[in-house]
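Asks: Have a look at this one.
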Amino acid sequence: MDAAAGGSAPKPGTQVVLTGDPGALEAEFLSEGLMLRGGLGATADGVVANESLRLWVRVIASGSVTRAADGRGEIRSGTMMGYLAFAHPSGDEGTLGSCSAADHTFTLGIR
Amino acid sequence: MTSRLFLCGLAVLASMPPRATAAEPLRVRTNEAFAPCVRPVLAAFARETGIAVVLDVGTPDPPLGASLVVGDDSELVRLLEGGRADVRTAADLGYLPWVQVTPPGAQVSSLASVTDARVAVLGGPAGRLARESLRGLSGDRLLVTRDATELSRATYALLPRSLAGPGEHGRADVAPLLATAAVVVGSPREADARRLLVFLQGAKARSLLSACLDAQPPASSAVGAAAPYATTVADWWIPACSLAHNGYNDPNELLGGPNAVNLGGKDNYRGLVSLGQGGWIVVDMGSTVVNGPGADVRVFQATANEEVTVYASASPTGPFTLIGLRETCGRRGLGTFSNFCEFDLAAGGLAEARYLKIEDGEIYPCLAGDTATEGADIDAVQALNFR
C-alpha cells in the first residue's frame, strides 16, 4: 500500500492505495492528529490478497498511527465497521464467507 | 491480364451490399432469481411483436451485450449511477421475497440451528443480505452458489422464492429483492429494449409477473406533515479525492424536505449531496429526536439502494452512537424521486438525540469511480418521533 496526504479542506486527509492498482483498494482517511478514520473500499471485483484469497471490503476503518523503526507510519491496532467477504481468486463474492460487523480489527504494518 | 481480372473481382466484391444476415436478437440479462419470473413475459413479448428475445442469466453488471437488464437494486447501483443504464428508464417490476426451505415436518425455527446438513444460499451481490443473516453459521456449513439447479435441490436453504425447490417454505426475515428493469445506453437493440420496457409495465406483463413477484409492500408508518427535517449542517467531511471527482458537494443540499430530481441522464441532478468515499455530514435536527414507536429517523437517498450509516448524539461534536451500519437505503413508496431508509434510536440504546451524523456506506474507491455522484446521495433527513 502507498500512503500520501489526501488534501487539507474541509479537513486534512490521508489517502492509502494499493500499490500498482490504486483504484482497486483505496482508503480515504480523515486525519485528526495521529488518528485516522475513514472509508476503506474495494471495487465490485474485489482484490486478490497475497494469501490467494479474493477480498471484498466496504468498511469505515480507524486507528492511531505510530512510527515504525524505519520512520514510516503504521497502524498496529485498528478497528473496522462494515462488510468483508472472501472467495477463491476466481470465485463469486462471499463463497468462502462474509461478515458485517462493527468490530472487525486490522493492522496496516510496514513491510 | 490475370492481375487485372483479380483486381476487378475485388472491386465487384467491395461494391456488393452486405450479405443479409439474421437480425441480432434482443438480449435481456437478469440474475438467477429473476429469470424464472421474467422468462414468460419475454416469451409473450416475442409472440406479440415478432421480436426475437434471448435471456442471458447472470449478474446484470456488466450487461455483456444485453440491451435491457433486470436486477436487484444491489446489482444496478453502478450501472445506473455510471450511466451505462439509463436511470430515467429504471422501472420497478415487483418484489421477490426470501423463503427458508426445510424438509417437510422438520420443524426448524431457524436455519442457524441446523447441524446435520449444509444450508444453501444464493451467491453474488443479490444474496449478500441473506448471507449476512446466516452469520451464525460457520463457513463450512454454508453452500454459497449461484447455480439455480443446485439451490433448488438443497434440503435446507435460504432462497428467493423463485428458486426454492421441494420442502417446506417458511418466511425469512430478509428484505425482499426488488426487480428493476433498465435500458442499457448505446446497446445494440436500444429501441426494441425501450419497447420491451413499456411492455413490461403493461397489464399483460404485470399479470404474468404477479405469479412470481409481489406488489410493493406498504410504505412505512404515516408521518405528519410537521415531522421536521434537518435544519443546519453542524460539521461535515468529504474526502478531497471525492470533492475533486464529484459534482454534488454542497452539504446544505440535504437540509429541508426531499427535493432531489434527475434532470435528464447521467450526472444531471439537483437537490442532493454525494458523500463520496466514506464522507459524512452532521446535522442539527432543530428539535429533539426521541425514541418512539417504530423508526425514529428517515434518510432520503437518491440512487438505488446505496448504503447509509447513521449515528446520533446530544452534541454536534459527539460522542456519536451508532444506530444503523450500512443500511441499504432504497425503499420506495413515498412518492419522492429519492428512495429512503429508516433508523431507530433504540438500536443504539438512546432515548433521544438532537444531532445525527449521516455517513456514506457504499464506500466505493474514489479513484475507481466514474460518476459525479460517488457515495450515497443524500436528499433529506427527517425526524419521525420528536419533541
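We name chains A, B, ... following the order of the C-alpha cells; residues begin at 1 in each chain, and ligands are numbered from 1 as shown.
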I want to know what sits within 10 Å of Gly20 of chain A, based on only C-alpha atoms, with residues of the same chain fewer than 3 positions away left out; could you give that as a ChimeraX atom specification?
Replies: /A:1-2,17,23-24
Asks: May I have the residues of chain B within 6 Å of chain A, counting only C-alpha atoms, written as a ChimeraX atom specification?
Replies: /B:124,139,144,240,277-278,363-365,367-368
Asks: Go ahead and dump the residues you just picked, N, CA and C atoms, as a CSV table (one decimal), in the first residue's frame.
Replies:
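Final file, out.csv:
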chain,number,residue,atom,x,y,z
B,124,GLY,N,-23.3,-14.1,-4.9
B,124,GLY,CA,-23.4,-12.8,-5.7
B,124,GLY,C,-24.0,-11.7,-4.9
B,139,GLY,N,-18.5,-21.1,8.0
B,139,GLY,CA,-18.4,-21.2,6.5
B,139,GLY,C,-18.5,-22.6,6.0
B,144,VAL,N,-22.6,-21.6,-0.7
B,144,VAL,CA,-22.9,-20.4,-1.4
B,144,VAL,C,-22.7,-20.6,-2.9
B,240,ALA,N,-11.0,14.7,0.0
B,240,ALA,CA,-10.5,15.6,-1.1
B,240,ALA,C,-10.7,14.9,-2.4
B,277,GLN,N,-16.4,8.8,-0.8
B,277,GLN,CA,-15.9,7.5,-0.2
B,277,GLN,C,-15.8,7.7,1.3
B,278,GLY,N,-16.8,7.3,2.0
B,278,GLY,CA,-16.8,7.4,3.5
B,278,GLY,C,-17.0,8.8,4.1
B,363,ILE,N,-19.0,3.2,0.2
B,363,ILE,CA,-17.6,3.1,0.4
B,363,ILE,C,-16.9,2.5,-0.9
B,364,TYR,N,-17.2,3.1,-2.0
B,364,TYR,CA,-16.6,2.7,-3.3
B,364,TYR,C,-15.3,3.5,-3.5
B,365,PRO,N,-14.3,2.8,-3.9
B,365,PRO,CA,-13.0,3.5,-4.1
B,365,PRO,C,-13.1,4.8,-5.0
B,367,LEU,N,-10.9,6.6,-6.6
B,367,LEU,CA,-10.1,6.6,-7.8
B,367,LEU,C,-10.7,5.7,-8.9
B,368,ALA,N,-11.6,4.7,-8.5
B,368,ALA,CA,-12.2,3.9,-9.5
B,368,ALA,C,-13.6,4.4,-9.9
Asks: Please list as a list in words every residue within 12 Å of Asp70 of chain A, counting only C-alpha atoms and excluding residues in the same chain fewer than 4 positions away.
Replies: Thr66, Glu74, Gly109, Ile110 and Arg111 of chain A
Asks: So which residues touch Glu362 of chain B within 7 Å, counting only C-alpha atoms, skipping near sequence neighbours fewer than 3 positions away, as a list in words?
Replies: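 Residues meeting the cut-off are Arg58 of chain A; Glu306, Glu307, Gly375 and Ala376 of chain B.
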Asks: Contacts of Arg146 of chain B at 8 Å or less, counting only C-alpha atoms, minus same-chain residues fewer than 3 places along, as a list in words?
Replies: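 So the residues in contact are Glu32, Leu122, Gly123, Gly124 and Leu151 of chain B.
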Asks: Any idea what's packed within 12 Å of segment 213-215 of chain B, counting only C-alpha atoms, ignoring anything in its chain fewer than 5 positions away? Could you give it as a list in words?
Replies: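 Returned residues: Ala33, Phe34, Ala35, Pro36, Cys37, Val38, Asp92, Leu93, Gly94, Tyr95, Leu96, Pro97, Trp98, Pro160, Arg161, Ser162, Pro176, Leu177, Leu178, Ala179, Thr180, Ala205, Arg206, Ser207, Leu208, Arg332 and Gly333 of chain B.
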Asks: How would the residues just picked look written out with N, CA and C atoms as a PDB file, in the first residue's frame?
Replies:
ATOM      1  N   ALA B  33     -32.324 -15.400  -9.850  1.00  0.00           N
ATOM      2  CA  ALA B  33     -33.585 -15.354  -9.102  1.00  0.00           C
ATOM      3  C   ALA B  33     -34.731 -14.784  -9.937  1.00  0.00           C
ATOM      4  N   PHE B  34     -34.426 -13.774 -10.726  1.00  0.00           N
ATOM      5  CA  PHE B  34     -35.492 -13.136 -11.513  1.00  0.00           C
ATOM      6  C   PHE B  34     -35.766 -13.870 -12.829  1.00  0.00           C
ATOM      7  N   ALA B  35     -34.847 -14.696 -13.264  1.00  0.00           N
ATOM      8  CA  ALA B  35     -35.006 -15.345 -14.572  1.00  0.00           C
ATOM      9  C   ALA B  35     -36.336 -16.098 -14.696  1.00  0.00           C
ATOM     10  N   PRO B  36     -36.713 -16.915 -13.695  1.00  0.00           N
ATOM     11  CA  PRO B  36     -37.994 -17.625 -13.843  1.00  0.00           C
ATOM     12  C   PRO B  36     -39.194 -16.678 -13.903  1.00  0.00           C
ATOM     13  N   CYS B  37     -39.052 -15.491 -13.333  1.00  0.00           N
ATOM     14  CA  CYS B  37     -40.162 -14.524 -13.340  1.00  0.00           C
ATOM     15  C   CYS B  37     -40.263 -13.821 -14.688  1.00  0.00           C
ATOM     16  N   VAL B  38     -39.117 -13.528 -15.266  1.00  0.00           N
ATOM     17  CA  VAL B  38     -39.075 -12.709 -16.476  1.00  0.00           C
ATOM     18  C   VAL B  38     -39.311 -13.540 -17.742  1.00  0.00           C
ATOM     19  N   ASP B  92     -39.525  -0.294 -11.643  1.00  0.00           N
ATOM     20  CA  ASP B  92     -39.666  -1.384 -10.680  1.00  0.00           C
ATOM     21  C   ASP B  92     -40.748  -2.351 -11.147  1.00  0.00           C
ATOM     22  N   LEU B  93     -40.419  -3.640 -11.144  1.00  0.00           N
ATOM     23  CA  LEU B  93     -41.362  -4.650 -11.626  1.00  0.00           C
ATOM     24  C   LEU B  93     -42.041  -5.400 -10.491  1.00  0.00           C
ATOM     25  N   GLY B  94     -41.421  -5.437  -9.331  1.00  0.00           N
ATOM     26  CA  GLY B  94     -42.039  -6.138  -8.204  1.00  0.00           C
ATOM     27  C   GLY B  94     -41.004  -6.689  -7.251  1.00  0.00           C
ATOM     28  N   TYR B  95     -41.497  -7.204  -6.149  1.00  0.00           N
ATOM     29  CA  TYR B  95     -40.633  -7.676  -5.061  1.00  0.00           C
ATOM     30  C   TYR B  95     -40.629  -9.202  -4.995  1.00  0.00           C
ATOM     31  N   LEU B  96     -39.463  -9.747  -4.709  1.00  0.00           N
ATOM     32  CA  LEU B  96     -39.314 -11.202  -4.612  1.00  0.00           C
ATOM     33  C   LEU B  96     -38.858 -11.551  -3.192  1.00  0.00           C
ATOM     34  N   PRO B  97     -39.758 -12.119  -2.410  1.00  0.00           N
ATOM     35  CA  PRO B  97     -39.397 -12.423  -1.022  1.00  0.00           C
ATOM     36  C   PRO B  97     -38.467 -13.636  -0.900  1.00  0.00           C
ATOM     37  N   TRP B  98     -37.789 -13.706   0.209  1.00  0.00           N
ATOM     38  CA  TRP B  98     -36.921 -14.848   0.531  1.00  0.00           C
ATOM     39  C   TRP B  98     -37.719 -15.857   1.338  1.00  0.00           C
ATOM     40  N   PRO B 160     -34.406 -16.833  -2.658  1.00  0.00           N
ATOM     41  CA  PRO B 160     -35.542 -16.123  -3.242  1.00  0.00           C
ATOM     42  C   PRO B 160     -36.617 -17.157  -3.607  1.00  0.00           C
ATOM     43  N   ARG B 161     -37.852 -16.812  -3.391  1.00  0.00           N
ATOM     44  CA  ARG B 161     -38.948 -17.777  -3.567  1.00  0.00           C
ATOM     45  C   ARG B 161     -38.908 -18.464  -4.928  1.00  0.00           C
ATOM     46  N   SER B 162     -38.462 -17.764  -5.942  1.00  0.00           N
ATOM     47  CA  SER B 162     -38.463 -18.310  -7.297  1.00  0.00           C
ATOM     48  C   SER B 162     -37.484 -19.460  -7.469  1.00  0.00           C
ATOM     49  N   PRO B 176     -36.880  -8.302   0.836  1.00  0.00           N
ATOM     50  CA  PRO B 176     -37.088  -8.910  -0.483  1.00  0.00           C
ATOM     51  C   PRO B 176     -36.216  -8.249  -1.550  1.00  0.00           C
ATOM     52  N   LEU B 177     -35.917  -9.022  -2.589  1.00  0.00           N
ATOM     53  CA  LEU B 177     -35.236  -8.443  -3.746  1.00  0.00           C
ATOM     54  C   LEU B 177     -36.243  -7.587  -4.512  1.00  0.00           C
ATOM     55  N   LEU B 178     -35.752  -6.544  -5.119  1.00  0.00           N
ATOM     56  CA  LEU B 178     -36.610  -5.669  -5.921  1.00  0.00           C
ATOM     57  C   LEU B 178     -36.163  -5.757  -7.374  1.00  0.00           C
ATOM     58  N   ALA B 179     -37.047  -6.266  -8.222  1.00  0.00           N
ATOM     59  CA  ALA B 179     -36.722  -6.391  -9.644  1.00  0.00           C
ATOM     60  C   ALA B 179     -36.906  -5.049 -10.334  1.00  0.00           C
ATOM     61  N   THR B 180     -35.809  -4.513 -10.832  1.00  0.00           N
ATOM     62  CA  THR B 180     -35.847  -3.239 -11.549  1.00  0.00           C
ATOM     63  C   THR B 180     -35.298  -3.461 -12.954  1.00  0.00           C
ATOM     64  N   ALA B 205     -48.049  -7.973 -18.943  1.00  0.00           N
ATOM     65  CA  ALA B 205     -46.808  -8.342 -18.257  1.00  0.00           C
ATOM     66  C   ALA B 205     -47.003  -8.343 -16.752  1.00  0.00           C
ATOM     67  N   ARG B 206     -47.710  -7.353 -16.243  1.00  0.00           N
ATOM     68  CA  ARG B 206     -47.955  -7.295 -14.791  1.00  0.00           C
ATOM     69  C   ARG B 206     -48.672  -8.557 -14.329  1.00  0.00           C
ATOM     70  N   SER B 207     -49.616  -9.005 -15.144  1.00  0.00           N
ATOM     71  CA  SER B 207     -50.357 -10.210 -14.788  1.00  0.00           C
ATOM     72  C   SER B 207     -49.432 -11.429 -14.739  1.00  0.00           C
ATOM     73  N   LEU B 208     -48.555 -11.525 -15.736  1.00  0.00           N
ATOM     74  CA  LEU B 208     -47.613 -12.652 -15.764  1.00  0.00           C
ATOM     75  C   LEU B 208     -46.608 -12.567 -14.611  1.00  0.00           C
ATOM     76  N   ARG B 332     -39.053   2.278  -1.479  1.00  0.00           N
ATOM     77  CA  ARG B 332     -39.918   3.134  -2.292  1.00  0.00           C
ATOM     78  C   ARG B 332     -41.238   3.340  -1.584  1.00  0.00           C
ATOM     79  N   GLY B 333     -42.058   4.182  -2.188  1.00  0.00           N
ATOM     80  CA  GLY B 333     -43.437   4.252  -1.738  1.00  0.00           C
ATOM     81  C   GLY B 333     -43.867   5.566  -1.147  1.00  0.00           C
TER      82      GLY B 333
END
Asks: Find, counting only C-alpha atoms, the residue in A:Ile75, A:Ala4, A:Met80, A:Ala87 that gets nearest to Ser52 of chain A.
Replies: A:Ala87
Asks: Can you tell me how far atom CA of Ile51 of chain B sits from atom CA of Ser67 of chain B, in Å to one decimal?
Replies: 13.1 Å
Asks: Kindly give the distance, in Å, that separates atom CA of Val290 of chain B and atom CA of Gln216 of chain B, rounded to a single decimal.
Replies: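 Atom-to-atom, atom CA of Val290 of chain B to atom CA of Gln216 of chain B, that is 28.9 Å.
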